[in-house]
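Asks: Just one file: coords.txt, with compact mmCIF, C-alpha atoms and all ligand atoms.
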```
# COMPACT_ATOMS: atom_id res chain seq x y z
CA MET Q 1 102.69 115.81 72.66
CA ASN Q 2 100.13 117.13 75.08
CA ASP Q 3 99.37 113.88 76.79
CA ALA Q 4 98.34 113.02 80.33
CA SER Q 5 101.80 111.82 81.30
CA HIS Q 6 103.07 115.36 81.11
CA ALA Q 7 101.20 116.59 84.17
CA ASN Q 8 102.57 113.59 86.01
CA HIS Q 9 106.05 115.00 85.95
CA ALA Q 10 105.19 118.35 87.46
CA PRO Q 11 107.79 119.47 89.99
CA ASN Q 12 107.36 118.21 93.50
CA ALA Q 13 105.87 121.18 95.36
CA MET Q 14 107.65 120.49 98.64
CA THR Q 15 111.13 119.55 97.57
CA GLY Q 16 111.41 121.13 94.14
CA ASP Q 17 112.40 117.77 92.68
CA ALA Q 18 110.84 116.38 89.55
CA PRO Q 19 109.96 112.78 90.45
CA THR Q 20 110.31 111.61 86.88
CA PRO Q 21 111.17 107.91 86.58
CA GLY Q 22 114.91 107.49 86.49
CA GLN Q 23 115.63 111.10 87.36
CA ALA Q 24 115.31 110.93 91.14
CA ALA Q 25 118.54 111.51 93.02
CA ALA Q 26 120.24 108.15 92.74
CA SER Q 27 121.97 108.45 96.10
CA ARG Q 28 118.78 108.97 98.11
CA PRO Q 29 116.31 106.17 98.86
CA VAL Q 30 112.87 106.67 97.36
CA ILE Q 31 111.40 104.66 100.23
CA GLU Q 32 112.89 104.72 103.70
CA ALA Q 33 111.01 103.16 106.58
CA HIS Q 34 112.39 102.97 110.08
CA ASP Q 35 110.97 101.07 113.06
CA LEU Q 36 107.51 100.80 111.46
CA ARG Q 37 104.90 99.35 113.74
CA LYS Q 38 101.27 98.59 113.03
CA VAL Q 39 98.86 97.44 115.71
CA TYR Q 40 95.30 96.59 114.71
CA THR Q 41 92.90 96.85 117.62
CA LEU Q 42 89.96 94.50 117.53
CA GLY Q 43 87.01 94.24 119.89
CA ALA Q 44 87.46 93.09 123.51
CA GLY Q 45 90.93 94.64 123.76
CA MET Q 46 92.41 92.18 121.26
CA GLU Q 47 95.45 93.49 119.42
CA VAL Q 48 97.22 92.23 116.34
CA HIS Q 49 100.82 93.38 115.96
CA ALA Q 50 101.12 93.21 112.17
CA LEU Q 51 104.40 95.15 111.89
CA ARG Q 52 106.88 95.02 114.77
CA GLY Q 53 109.65 97.53 114.06
CA LEU Q 54 110.27 97.07 110.36
CA ASP Q 55 113.16 98.79 108.56
CA LEU Q 56 113.30 99.07 104.78
CA ARG Q 57 115.20 101.13 102.20
CA VAL Q 58 114.44 101.07 98.51
CA MET Q 59 116.50 102.99 95.98
CA PRO Q 60 114.96 104.71 92.93
CA GLY Q 61 114.49 102.29 90.05
CA GLU Q 62 114.79 99.17 92.19
CA TYR Q 63 112.69 96.12 91.33
CA ALA Q 64 112.15 93.98 94.42
CA ALA Q 65 109.91 91.18 95.62
CA ILE Q 66 108.41 90.96 99.10
CA MET Q 67 107.92 87.40 100.32
CA GLY Q 68 106.77 85.88 103.59
CA PRO Q 69 104.21 83.56 105.16
CA SER Q 70 100.52 84.42 105.13
CA GLY Q 71 99.81 86.93 107.90
CA SER Q 72 103.42 88.13 108.16
CA GLY Q 73 102.46 91.74 107.34
CA LYS Q 74 103.15 92.07 103.60
CA SER Q 75 99.84 93.71 102.63
CA THR Q 76 99.95 95.89 105.75
CA LEU Q 77 103.41 97.10 104.76
CA LEU Q 78 102.41 97.75 101.14
CA GLN Q 79 99.32 99.75 102.19
CA ILE Q 80 101.49 101.94 104.42
CA LEU Q 81 104.10 102.42 101.70
CA GLY Q 82 101.27 103.33 99.29
CA CYS Q 83 100.01 105.97 101.76
CA LEU Q 84 96.68 104.12 101.96
CA ASP Q 85 97.13 103.43 105.66
CA THR Q 86 99.21 104.93 108.45
CA PRO Q 87 101.60 103.14 110.80
CA THR Q 88 100.92 103.13 114.55
CA SER Q 89 104.45 104.43 115.03
CA GLY Q 90 107.76 104.74 113.22
CA SER Q 91 109.01 106.81 110.34
CA TYR Q 92 108.21 106.54 106.65
CA GLN Q 93 109.96 108.90 104.27
CA LEU Q 94 109.07 109.08 100.60
CA SER Q 95 111.89 110.76 98.65
CA GLY Q 96 113.02 112.35 101.90
CA GLU Q 97 109.60 113.68 102.93
CA GLU Q 98 108.12 112.37 106.18
CA VAL Q 99 104.72 111.07 105.06
CA ALA Q 100 103.12 111.62 108.50
CA ASP Q 101 103.82 115.36 108.13
CA LEU Q 102 102.01 115.72 104.78
CA ASP Q 103 98.60 117.40 104.78
CA GLU Q 104 95.59 115.70 103.18
CA GLU Q 105 95.93 117.57 99.89
CA ARG Q 106 99.60 116.71 99.50
CA LEU Q 107 98.92 113.10 100.48
CA SER Q 108 96.28 112.70 97.82
CA GLN Q 109 98.70 114.22 95.29
CA VAL Q 110 101.28 111.61 96.24
CA ARG Q 111 98.71 108.81 96.00
CA ASN Q 112 97.42 110.01 92.65
CA ARG Q 113 100.64 110.98 90.92
CA ARG Q 114 103.56 109.10 92.33
CA ILE Q 115 102.19 105.73 93.35
CA GLY Q 116 100.35 103.06 91.40
CA PHE Q 117 98.76 100.39 93.61
CA VAL Q 118 97.59 96.94 92.56
CA PHE Q 119 95.38 95.47 95.29
CA GLN Q 120 95.39 91.82 96.30
CA ALA Q 121 91.60 91.78 95.73
CA TYR Q 122 91.48 93.98 92.55
CA ASN Q 123 89.05 96.58 94.06
CA LEU Q 124 87.32 97.25 90.74
CA LEU Q 125 83.99 99.05 90.46
CA GLY Q 126 81.45 96.41 89.51
CA ARG Q 127 79.14 98.67 87.52
CA ALA Q 128 81.88 100.31 85.47
CA SER Q 129 83.51 98.96 82.32
CA ALA Q 130 87.19 98.06 82.21
CA LEU Q 131 87.86 101.33 80.40
CA GLU Q 132 85.97 103.37 83.01
CA ASN Q 133 87.73 101.59 85.87
CA VAL Q 134 91.14 102.39 84.41
CA ALA Q 135 90.20 106.00 83.58
CA LEU Q 136 88.86 106.76 87.06
CA PRO Q 137 92.10 107.69 88.86
CA LEU Q 138 92.80 110.23 86.10
CA MET Q 139 89.58 112.03 86.93
CA TYR Q 140 90.95 112.84 90.38
CA ARG Q 141 93.87 114.44 88.62
CA GLY Q 142 91.71 116.76 86.57
CA VAL Q 143 92.60 115.12 83.25
CA ASN Q 144 89.91 115.81 80.62
CA ALA Q 145 87.58 113.07 79.43
CA ARG Q 146 89.22 112.50 76.07
CA ALA Q 147 92.76 112.31 77.51
CA ARG Q 148 91.46 109.97 80.23
CA ARG Q 149 90.00 107.64 77.66
CA ASP Q 150 93.17 107.67 75.58
CA ALA Q 151 95.40 106.96 78.59
CA ALA Q 152 93.05 104.19 79.78
CA ARG Q 153 93.04 102.63 76.28
CA ASN Q 154 96.83 102.70 76.23
CA ALA Q 155 97.10 101.10 79.64
CA LEU Q 156 94.60 98.35 78.75
CA ASP Q 157 96.41 97.76 75.50
CA ARG Q 158 99.63 97.39 77.43
CA VAL Q 159 98.19 94.58 79.57
CA GLY Q 160 96.75 92.85 76.50
CA LEU Q 161 93.09 93.76 77.06
CA ALA Q 162 92.41 95.94 74.03
CA ASP Q 163 89.48 93.66 73.14
CA ARG Q 164 87.80 93.80 76.58
CA MET Q 165 87.54 97.53 77.23
CA GLY Q 166 83.74 97.58 77.39
CA HIS Q 167 83.40 94.57 79.68
CA ARG Q 168 82.38 94.96 83.31
CA PRO Q 169 84.35 93.06 85.99
CA ASN Q 170 81.71 90.28 86.24
CA GLU Q 171 82.17 89.71 82.49
CA LEU Q 172 85.90 89.16 82.90
CA SER Q 173 87.96 86.20 84.12
CA GLY Q 174 90.02 86.46 87.31
CA GLY Q 175 93.20 86.99 85.33
CA GLN Q 176 91.55 89.66 83.17
CA LYS Q 177 90.29 91.48 86.28
CA GLN Q 178 93.83 91.35 87.64
CA ARG Q 179 95.08 92.91 84.40
CA VAL Q 180 92.46 95.69 84.57
CA ALA Q 181 93.68 96.41 88.12
CA ILE Q 182 97.26 96.62 86.83
CA ALA Q 183 96.20 98.87 83.94
CA ARG Q 184 94.46 101.17 86.42
CA ALA Q 185 97.66 101.43 88.46
CA LEU Q 186 99.63 102.25 85.30
CA ALA Q 187 97.24 104.79 83.80
CA THR Q 188 98.62 107.64 85.88
CA GLU Q 189 102.20 106.70 84.89
CA PRO Q 190 103.42 106.52 88.50
CA ASP Q 191 107.13 106.35 89.27
CA ILE Q 192 106.47 103.81 92.04
CA LEU Q 193 104.42 100.68 91.43
CA LEU Q 194 103.29 98.64 94.46
CA ALA Q 195 101.65 95.36 93.53
CA ASP Q 196 100.13 92.87 95.98
CA GLU Q 197 100.35 89.41 94.41
CA PRO Q 198 99.80 90.64 90.85
CA THR Q 199 100.30 87.17 89.40
CA GLY Q 200 98.54 85.30 92.21
CA ASN Q 201 95.39 84.56 90.22
CA LEU Q 202 96.89 84.16 86.79
CA ASP Q 203 97.74 81.12 84.70
CA SER Q 204 101.45 80.85 83.99
CA LYS Q 205 101.22 82.35 80.48
CA THR Q 206 99.36 85.46 81.66
CA GLY Q 207 101.68 85.61 84.67
CA GLN Q 208 104.65 85.68 82.31
CA GLU Q 209 103.03 88.52 80.35
CA ILE Q 210 102.61 90.55 83.53
CA LEU Q 211 106.23 89.87 84.50
CA GLY Q 212 107.24 90.97 80.99
CA LEU Q 213 105.29 94.18 81.50
CA PHE Q 214 106.94 94.77 84.89
CA ASP Q 215 110.36 94.19 83.29
CA ALA Q 216 109.56 96.88 80.71
CA LEU Q 217 108.35 99.30 83.43
CA HIS Q 218 111.53 98.61 85.40
CA ALA Q 219 113.61 99.34 82.29
CA GLU Q 220 111.81 102.71 82.07
CA GLY Q 221 113.23 103.54 85.49
CA ARG Q 222 110.21 102.91 87.68
CA THR Q 223 110.53 101.57 91.21
CA ILE Q 224 108.57 98.33 91.64
CA LEU Q 225 107.74 96.39 94.80
CA MET Q 226 105.80 93.19 94.23
CA VAL Q 227 104.42 90.86 96.88
CA THR Q 228 104.47 87.24 95.81
CA HIS Q 229 104.26 83.77 97.32
CA GLU Q 230 106.12 82.16 94.44
CA GLU Q 231 109.89 81.87 94.57
CA ASP Q 232 110.22 81.66 90.77
CA VAL Q 233 108.14 84.84 90.34
CA ALA Q 234 110.33 86.62 92.93
CA GLU Q 235 113.42 85.58 90.98
CA HIS Q 236 112.36 87.89 88.13
CA THR Q 237 113.23 90.86 90.36
CA GLU Q 238 116.61 92.16 91.53
CA ARG Q 239 116.11 91.61 95.25
CA ILE Q 240 113.99 89.47 97.54
CA ILE Q 241 112.91 91.03 100.83
CA ARG Q 242 111.76 88.34 103.25
CA ILE Q 243 109.30 89.30 105.94
CA ARG Q 244 108.43 87.26 108.98
CA ASP Q 245 106.31 88.27 111.99
CA GLY Q 246 106.25 91.91 110.94
CA VAL Q 247 109.98 92.51 110.44
CA VAL Q 248 112.39 92.10 107.55
CA GLU Q 249 114.11 88.82 108.15
CA ALA Q 250 116.45 88.93 105.14
CA SER Q 251 117.18 90.89 101.98
CA GLU Q 252 118.91 88.97 99.21
CA SER Q 253 120.13 90.08 95.80
CA VAL Q 254 118.92 87.87 92.99
CA THR Q 255 122.11 86.78 91.25
CA GLN Q 256 120.52 84.86 88.39
CA ARG Q 257 117.48 86.89 87.42
CA ARG Q 258 114.84 85.03 85.51
CA ARG Q 259 113.60 86.66 82.34
CA PRO Q 260 109.98 86.59 81.29
CA THR Q 261 109.41 84.31 78.34
CA LEU Q 262 106.44 86.32 77.09
CA MET Q 263 105.82 89.98 76.60
CA PRO Q 264 102.36 91.60 76.95
CA GLY Q 265 100.16 90.94 73.97
CA GLY Q 266 101.59 87.49 73.47
CA ALA Q 267 104.82 88.30 71.59
CA GLU Q 268 107.72 86.01 72.49
CA GLY Q 269 110.25 87.84 74.64
N1 LIG B 1 92.14 95.50 109.16
C1 LIG B 1 92.66 94.61 109.99
N2 LIG B 1 92.20 94.47 111.25
C2 LIG B 1 92.73 93.58 112.11
N3 LIG B 1 93.75 92.76 111.81
C3 LIG B 1 94.25 92.84 110.58
C4 LIG B 1 93.74 93.76 109.59
N4 LIG B 1 94.45 93.60 108.46
C5 LIG B 1 95.35 92.64 108.70
N5 LIG B 1 95.25 92.18 109.95
C6 LIG B 1 96.09 91.15 110.59
O1 LIG B 1 97.44 91.58 110.51
C7 LIG B 1 98.31 90.50 110.17
C8 LIG B 1 99.05 90.83 108.88
O2 LIG B 1 98.12 90.85 107.81
P1 LIG B 1 98.54 91.12 106.30
O3 LIG B 1 97.30 91.24 105.51
O4 LIG B 1 99.49 92.25 106.27
O5 LIG B 1 99.32 89.76 105.98
P2 LIG B 1 99.95 89.24 104.59
O6 LIG B 1 101.40 88.98 104.84
O7 LIG B 1 99.62 90.17 103.50
O8 LIG B 1 99.21 87.83 104.40
P3 LIG B 1 98.71 87.09 103.03
O9 LIG B 1 99.94 86.46 102.45
O10 LIG B 1 97.76 86.06 103.55
O11 LIG B 1 98.06 88.10 102.14
C9 LIG B 1 97.43 89.27 110.08
O12 LIG B 1 97.52 88.57 111.30
C10 LIG B 1 96.03 89.83 109.88
O13 LIG B 1 95.07 88.98 110.45
MG MG B 2 98.37 90.01 101.81
```
Turn the structure described in the file into structure tokens.
Ligand SMILES: Nc1ncnc2c1ncn2[C@@H]1O[C@H](COP(=O)(O)OP(=O)(O)OP(=O)(O)O)[C@@H](O)[C@H]1O
Ligand SMILES: [Mg+2]

Replies:
Amino acid sequence: MNDASHANHAPNAMTGDAPTPGQAAASRPVIEAHDLRKVYTLGAGMEVHALRGLDLRVMPGEYAAIMGPSGSGKSTLLQILGCLDTPTSGSYQLSGEEVADLDEERLSQVRNRRIGFVFQAYNLLGRASALENVALPLMYRGVNARARRDAARNALDRVGLADRMGHRPNELSGGQKQRVAIARALATEPDILLADEPTGNLDSKTGQEILGLFDALHAEGRTILMVTHEEDVAEHTERIIRIRDGVVEASESVTQRRRPTLMPGGAEG
């Protein structure tokens, strides 16, 4: 089948590896951050130390939750891991490549092919339909219009929004917008999914559907990091990484994983 997902699994130009979900070298972390620091400089010499020497290792195919008080640095960390922002200092290696050493072209390849990002505030284009919003990242990958539309339809179908494809964000509920944002992150079939409070604005039924979807993506071998404020949501993952004041305070395996009670589309799981 000549679908869009094929191009996604093109060999990694720098390492020769194919970053196909589940095929990455199991012994090597997919994410390895060491002594990450992020200082935001505000006016009048004010500084905010959002990350203060954070260390983190994530193995390929892991499904983990990031928890911590408001302002502890969770979104800052996720943006750096998603290559959307750079740390002030420290090392971040993605599959063994030092991200700071990548040129702009290679960085945008990584952003577009390897990583799917779900923003805390959706970041949808207001004038574009759900379908157009989801198809947009594929345009940056040179996927043709028809394949873009098909991939976007599939992704929206997967989050249970097949009947809302033509709606613009202001014609959707908060939970539906959240699902469009998740579909957009999935459309490129990334091997790493970074999601900032993906269930934060959802009712519990829709939240369960999203967790069911994440479970399925995890079973496909994708690496998932999800920020959440809810302990019972975090317990759907394999590991809870607790952040406080810009460092990892604890990392705990989830011994009794919760299972989603609903799968996307409303089928009982
Ligand atoms: N662009 C920015 N400029 C200045 N300070 C910032 C910026 N972004 C975040 N901060 C500050 O950095 C700290 C960490 O913010 P961050 O958004 O990472 O927290 P968070 O853990 O995601 O919180 P929440 O749970 O409320 O989303 C906060 O004190 C915040 O005010
Ligand atoms: Mg945040």

Asks: Here is a test: counting all atoms listed in the file, which residue of Q:Ala151, Q:Ile210, Q:Leu131, Q:Ala181 is nearest to Pro260 (chain Q)?

Replies: Q:Ile210

Asks: So which residues are close to (101.3, 94.6, 95.4), meaning at most 10 Å away in the file's coordinates with all atoms listed in the file counted, and can you show them as a list of chain:residue names?

Replies: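 These residues have at least one counted atom within 10 Å: Q:Ala65, Q:Ile66, Q:Lys74, Q:Ser75, Q:Leu77, Q:Leu78, Q:Gln79, Q:Gly82, Q:Gly116, Q:Phe117, Q:Val118, Q:Phe119, Q:Gln120, Q:Ile182, Q:Leu193, Q:Leu194, Q:Ala195, Q:Asp196, Q:Glu197, Q:Pro198, Q:Thr199, Q:Ile224, Q:Leu225, Q:Met226, Q:Val227, Q:Thr228.
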
Asks: Show which residues sit within 9 Å of Glu62 (chain Q), as a count of residues only. Count all atoms listed in the file, and ignore same-chain residues fewer than 4 positions away.

Replies: 10

Asks: In Å, with one decimal, what is the gap from CA of Gly200 (chain Q) to CA of Glu235 (chain Q)?

Replies: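 If I compute the distance from CA of Gly200 (chain Q) to CA of Glu235 (chain Q), I get 14.9 Å.
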
Asks: Please return the centre and edge lengths, in Å to one decimal, of a box with edges along x, y and z that contains all listed atoms of ligand LIG 1 (chain B), widened by 5 Å on every side, as AutoDock Vina command-line options.

Replies:
```
--center_x 96.8 --center_y 90.8 --center_z 107.1 --size_x 19.3 --size_y 19.4 --size_z 20.0
```

Asks: May I ask you to write as a list in words all residues lying at most 7 Å from ligand LIG 1 (chain B), with all atoms listed in the file counted?

Replies: Tyr40, Thr41, Leu42, Val48, His49, Ala50, Gly68, Pro69, Ser70, Gly71, Ser72, Gly73, Lys74, Ser75, Thr76 and Leu77 of chain Q

Asks: Name all residues at most 10 Å from Arg158 (chain Q) (count all atoms listed in the file; drop same-chain ones fewer than 2 positions away) and give them as an MDAnalysis selection string.

Replies: chainID Q and resid 152:156 160:162 179 182:183 186 209:210 213 263:265

Asks: How would you write as a ChimeraX atom specification the residues that get within 10 Å of (84.1, 90.9, 86.2) in the file's frame, counting only C-alpha atoms?

Replies: /Q:124-130,167-178,180

Asks: Looking at all atoms listed in the file, which of Q:Ala234, Q:Ala187, Q:Leu84, Q:Leu54 is the one that sits closest to Asp157 (chain Q)?

Replies: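 Nearest to Asp157 (chain Q): Q:Ala187.
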
Asks: Might you pull out every residue within 7 Å of Leu51 (chain Q), with only C-alpha atoms counted and same-chain residues fewer than 5 positions away left off, and present them as a list in words?

Replies: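 After dropping sequence-adjacent residues, the list is Leu36, Arg37, Lys38, Gly73, Gly246 and Val247 of chain Q.
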
Asks: Between Q:Ala121, Q:Leu81, Q:Val39, Q:Ala185, which residue has the minimum interatomic distance to ligand MG 2 (chain B), considering all atoms listed in the file?

Replies: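 The shortest atom-to-atom distance to ligand MG 2 (chain B) comes from Q:Ala121.
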
Asks: Have a look at CA of Arg111 (chain Q) and CA of Arg52 (chain Q) and let me know their distance in Å, one decimal.

Replies: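 So the two atoms, CA of Arg111 (chain Q) and CA of Arg52 (chain Q), lie 24.7 Å apart.
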
Asks: What separation in Å, quoted to one decimal, exists between CA of Pro60 (chain Q) and CA of Tyr92 (chain Q)?

Replies: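 Atom-to-atom, CA of Pro60 (chain Q) and CA of Tyr92 (chain Q) are spaced 15.4 Å apart.
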
Asks: Find, counting only C-alpha atoms, the residue in Q:Asp35, Q:Glu105, Q:Glu47, Q:Glu132 that gets nearest to Gly90 (chain Q).

Replies: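 The answer is Q:Asp35, which sits nearest to Gly90 (chain Q).
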
Asks: Go through Q:Ala219, Q:Ile243, Q:Leu262, Q:Ile31 one by one, measure the shortest atom-to-atom distance of each to ligand MG 2 (chain B) using only C-alpha atoms and all ligand atoms, and give the residue with the smallest value.

Replies: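 Looking at the shortest contact to ligand MG 2 (chain B), the residue is Q:Ile243.
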
Asks: So, with only C-alpha atoms and all ligand atoms as the atoms that count, which of Q:Ala100, Q:Met46, Q:Met67, Q:Ile240 lies closest to ligand MG 2 (chain B)?

Replies: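 Looking at the shortest contact to ligand MG 2 (chain B), the residue is Q:Met67.
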
Asks: Please list as a list in words every residue within 10 Å of Val99 (chain Q), counting all atoms listed in the file and excluding residues in the same chain fewer than 5 positions away.

Replies: Ile80, Leu81, Cys83, Thr86, Ser91, Tyr92, Gln93, Leu94, Arg106, Leu107 and Val110 of chain Q

Asks: Those same residues, written as a compact mmCIF listing (two decimals), in the coordinates of the input with C-alpha atoms?

Replies:
```
# COMPACT_ATOMS: atom_id res chain seq x y z
CA ILE Q 80 101.49 101.94 104.42
CA LEU Q 81 104.10 102.42 101.70
CA CYS Q 83 100.01 105.97 101.76
CA THR Q 86 99.21 104.93 108.45
CA SER Q 91 109.01 106.81 110.34
CA TYR Q 92 108.21 106.54 106.65
CA GLN Q 93 109.96 108.90 104.27
CA LEU Q 94 109.07 109.08 100.60
CA ARG Q 106 99.60 116.71 99.50
CA LEU Q 107 98.92 113.10 100.48
CA VAL Q 110 101.28 111.61 96.24
```

Asks: If I only have part of region 123-154 of chain Q, can you fill in N, CA and C atoms and write it as an mmCIF file, in the coordinates of the input?

Replies:
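Result written to part_0.cif:
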```cif
data_model
loop_
_atom_site.group_PDB
_atom_site.id
_atom_site.type_symbol
_atom_site.label_atom_id
_atom_site.label_comp_id
_atom_site.auth_asym_id
_atom_site.auth_seq_id
_atom_site.Cartn_x
_atom_site.Cartn_y
_atom_site.Cartn_z
ATOM 1 N N ASN Q 123 89.780 95.335 93.758
ATOM 2 C CA ASN Q 123 89.050 96.580 94.060
ATOM 3 C C ASN Q 123 88.544 97.322 92.837
ATOM 4 N N LEU Q 124 87.898 96.597 91.919
ATOM 5 C CA LEU Q 124 87.320 97.250 90.740
ATOM 6 C C LEU Q 124 85.870 97.640 91.029
ATOM 7 N N LEU Q 125 85.400 98.671 90.336
ATOM 8 C CA LEU Q 125 83.990 99.050 90.460
ATOM 9 C C LEU Q 125 83.162 98.124 89.582
ATOM 10 N N GLY Q 126 82.208 97.424 90.210
ATOM 11 C CA GLY Q 126 81.450 96.410 89.510
ATOM 12 C C GLY Q 126 80.581 96.921 88.379
ATOM 13 N N ARG Q 127 80.063 98.151 88.516
ATOM 14 C CA ARG Q 127 79.140 98.670 87.520
ATOM 15 C C ARG Q 127 79.834 99.383 86.374
ATOM 16 N N ALA Q 128 81.154 99.557 86.499
ATOM 17 C CA ALA Q 128 81.880 100.310 85.470
ATOM 18 C C ALA Q 128 82.610 99.349 84.546
ATOM 19 N N SER Q 129 82.774 99.776 83.288
ATOM 20 C CA SER Q 129 83.510 98.960 82.320
ATOM 21 C C SER Q 129 84.989 98.976 82.668
ATOM 22 N N ALA Q 130 85.733 98.084 82.018
ATOM 23 C CA ALA Q 130 87.190 98.060 82.210
ATOM 24 C C ALA Q 130 87.774 99.425 81.909
ATOM 25 N N LEU Q 131 87.335 100.016 80.796
ATOM 26 C CA LEU Q 131 87.860 101.330 80.400
ATOM 27 C C LEU Q 131 87.573 102.385 81.464
ATOM 28 N N GLU Q 132 86.341 102.378 81.984
ATOM 29 C CA GLU Q 132 85.970 103.370 83.010
ATOM 30 C C GLU Q 132 86.751 103.151 84.307
ATOM 31 N N ASN Q 133 86.949 101.876 84.675
ATOM 32 C CA ASN Q 133 87.730 101.590 85.870
ATOM 33 C C ASN Q 133 89.144 102.131 85.769
ATOM 34 N N VAL Q 134 89.746 101.958 84.602
ATOM 35 C CA VAL Q 134 91.140 102.390 84.410
ATOM 36 C C VAL Q 134 91.219 103.912 84.333
ATOM 37 N N ALA Q 135 90.182 104.533 83.759
ATOM 38 C CA ALA Q 135 90.200 106.000 83.580
ATOM 39 C C ALA Q 135 89.932 106.748 84.881
ATOM 40 N N LEU Q 136 89.312 106.066 85.846
ATOM 41 C CA LEU Q 136 88.860 106.760 87.060
ATOM 42 C C LEU Q 136 89.944 107.533 87.820
ATOM 43 N N PRO Q 137 91.119 106.928 88.082
ATOM 44 C CA PRO Q 137 92.100 107.690 88.860
ATOM 45 C C PRO Q 137 92.529 108.987 88.162
ATOM 46 N N LEU Q 138 92.384 109.022 86.847
ATOM 47 C CA LEU Q 138 92.800 110.230 86.100
ATOM 48 C C LEU Q 138 91.820 111.367 86.331
ATOM 49 N N MET Q 139 90.570 111.004 86.663
ATOM 50 C CA MET Q 139 89.580 112.030 86.930
ATOM 51 C C MET Q 139 89.985 112.836 88.153
ATOM 52 N N TYR Q 140 90.513 112.144 89.165
ATOM 53 C CA TYR Q 140 90.950 112.840 90.380
ATOM 54 C C TYR Q 140 92.119 113.759 90.103
ATOM 55 N N ARG Q 141 92.739 113.581 88.961
ATOM 56 C CA ARG Q 141 93.870 114.440 88.620
ATOM 57 C C ARG Q 141 93.475 115.572 87.693
ATOM 58 N N GLY Q 142 92.177 115.659 87.407
ATOM 59 C CA GLY Q 142 91.710 116.760 86.570
ATOM 60 C C GLY Q 142 92.047 116.598 85.104
ATOM 61 N N VAL Q 143 92.322 115.370 84.663
ATOM 62 C CA VAL Q 143 92.600 115.120 83.250
ATOM 63 C C VAL Q 143 91.265 115.125 82.496
ATOM 64 N N ASN Q 144 91.189 115.734 81.332
ATOM 65 C CA ASN Q 144 89.910 115.810 80.620
ATOM 66 C C ASN Q 144 89.478 114.446 80.059
ATOM 67 N N ALA Q 145 88.195 114.359 79.748
ATOM 68 C CA ALA Q 145 87.580 113.070 79.430
ATOM 69 C C ALA Q 145 88.281 112.363 78.259
ATOM 70 N N ARG Q 146 88.613 113.107 77.245
ATOM 71 C CA ARG Q 146 89.220 112.500 76.070
ATOM 72 C C ARG Q 146 90.617 111.947 76.397
ATOM 73 N N ALA Q 147 91.409 112.747 77.131
ATOM 74 C CA ALA Q 147 92.760 112.310 77.510
ATOM 75 C C ALA Q 147 92.693 111.115 78.464
ATOM 76 N N ARG Q 148 91.651 111.106 79.313
ATOM 77 C CA ARG Q 148 91.460 109.970 80.230
ATOM 78 C C ARG Q 148 91.223 108.691 79.445
ATOM 79 N N ARG Q 149 90.338 108.815 78.451
ATOM 80 C CA ARG Q 149 90.000 107.640 77.660
ATOM 81 C C ARG Q 149 91.219 107.133 76.886
ATOM 82 N N ASP Q 150 91.977 108.059 76.334
ATOM 83 C CA ASP Q 150 93.170 107.670 75.580
ATOM 84 C C ASP Q 150 94.192 106.974 76.475
ATOM 85 N N ALA Q 151 94.418 107.544 77.659
ATOM 86 C CA ALA Q 151 95.400 106.960 78.590
ATOM 87 C C ALA Q 151 94.919 105.591 79.067
ATOM 88 N N ALA Q 152 93.607 105.468 79.316
ATOM 89 C CA ALA Q 152 93.050 104.190 79.780
ATOM 90 C C ALA Q 152 93.165 103.137 78.673
ATOM 91 N N ARG Q 153 92.890 103.546 77.422
ATOM 92 C CA ARG Q 153 93.040 102.630 76.280
ATOM 93 C C ARG Q 153 94.473 102.124 76.176
ATOM 94 N N ASN Q 154 95.415 103.064 76.294
ATOM 95 C CA ASN Q 154 96.830 102.700 76.230
ATOM 96 C C ASN Q 154 97.203 101.697 77.293
#
```
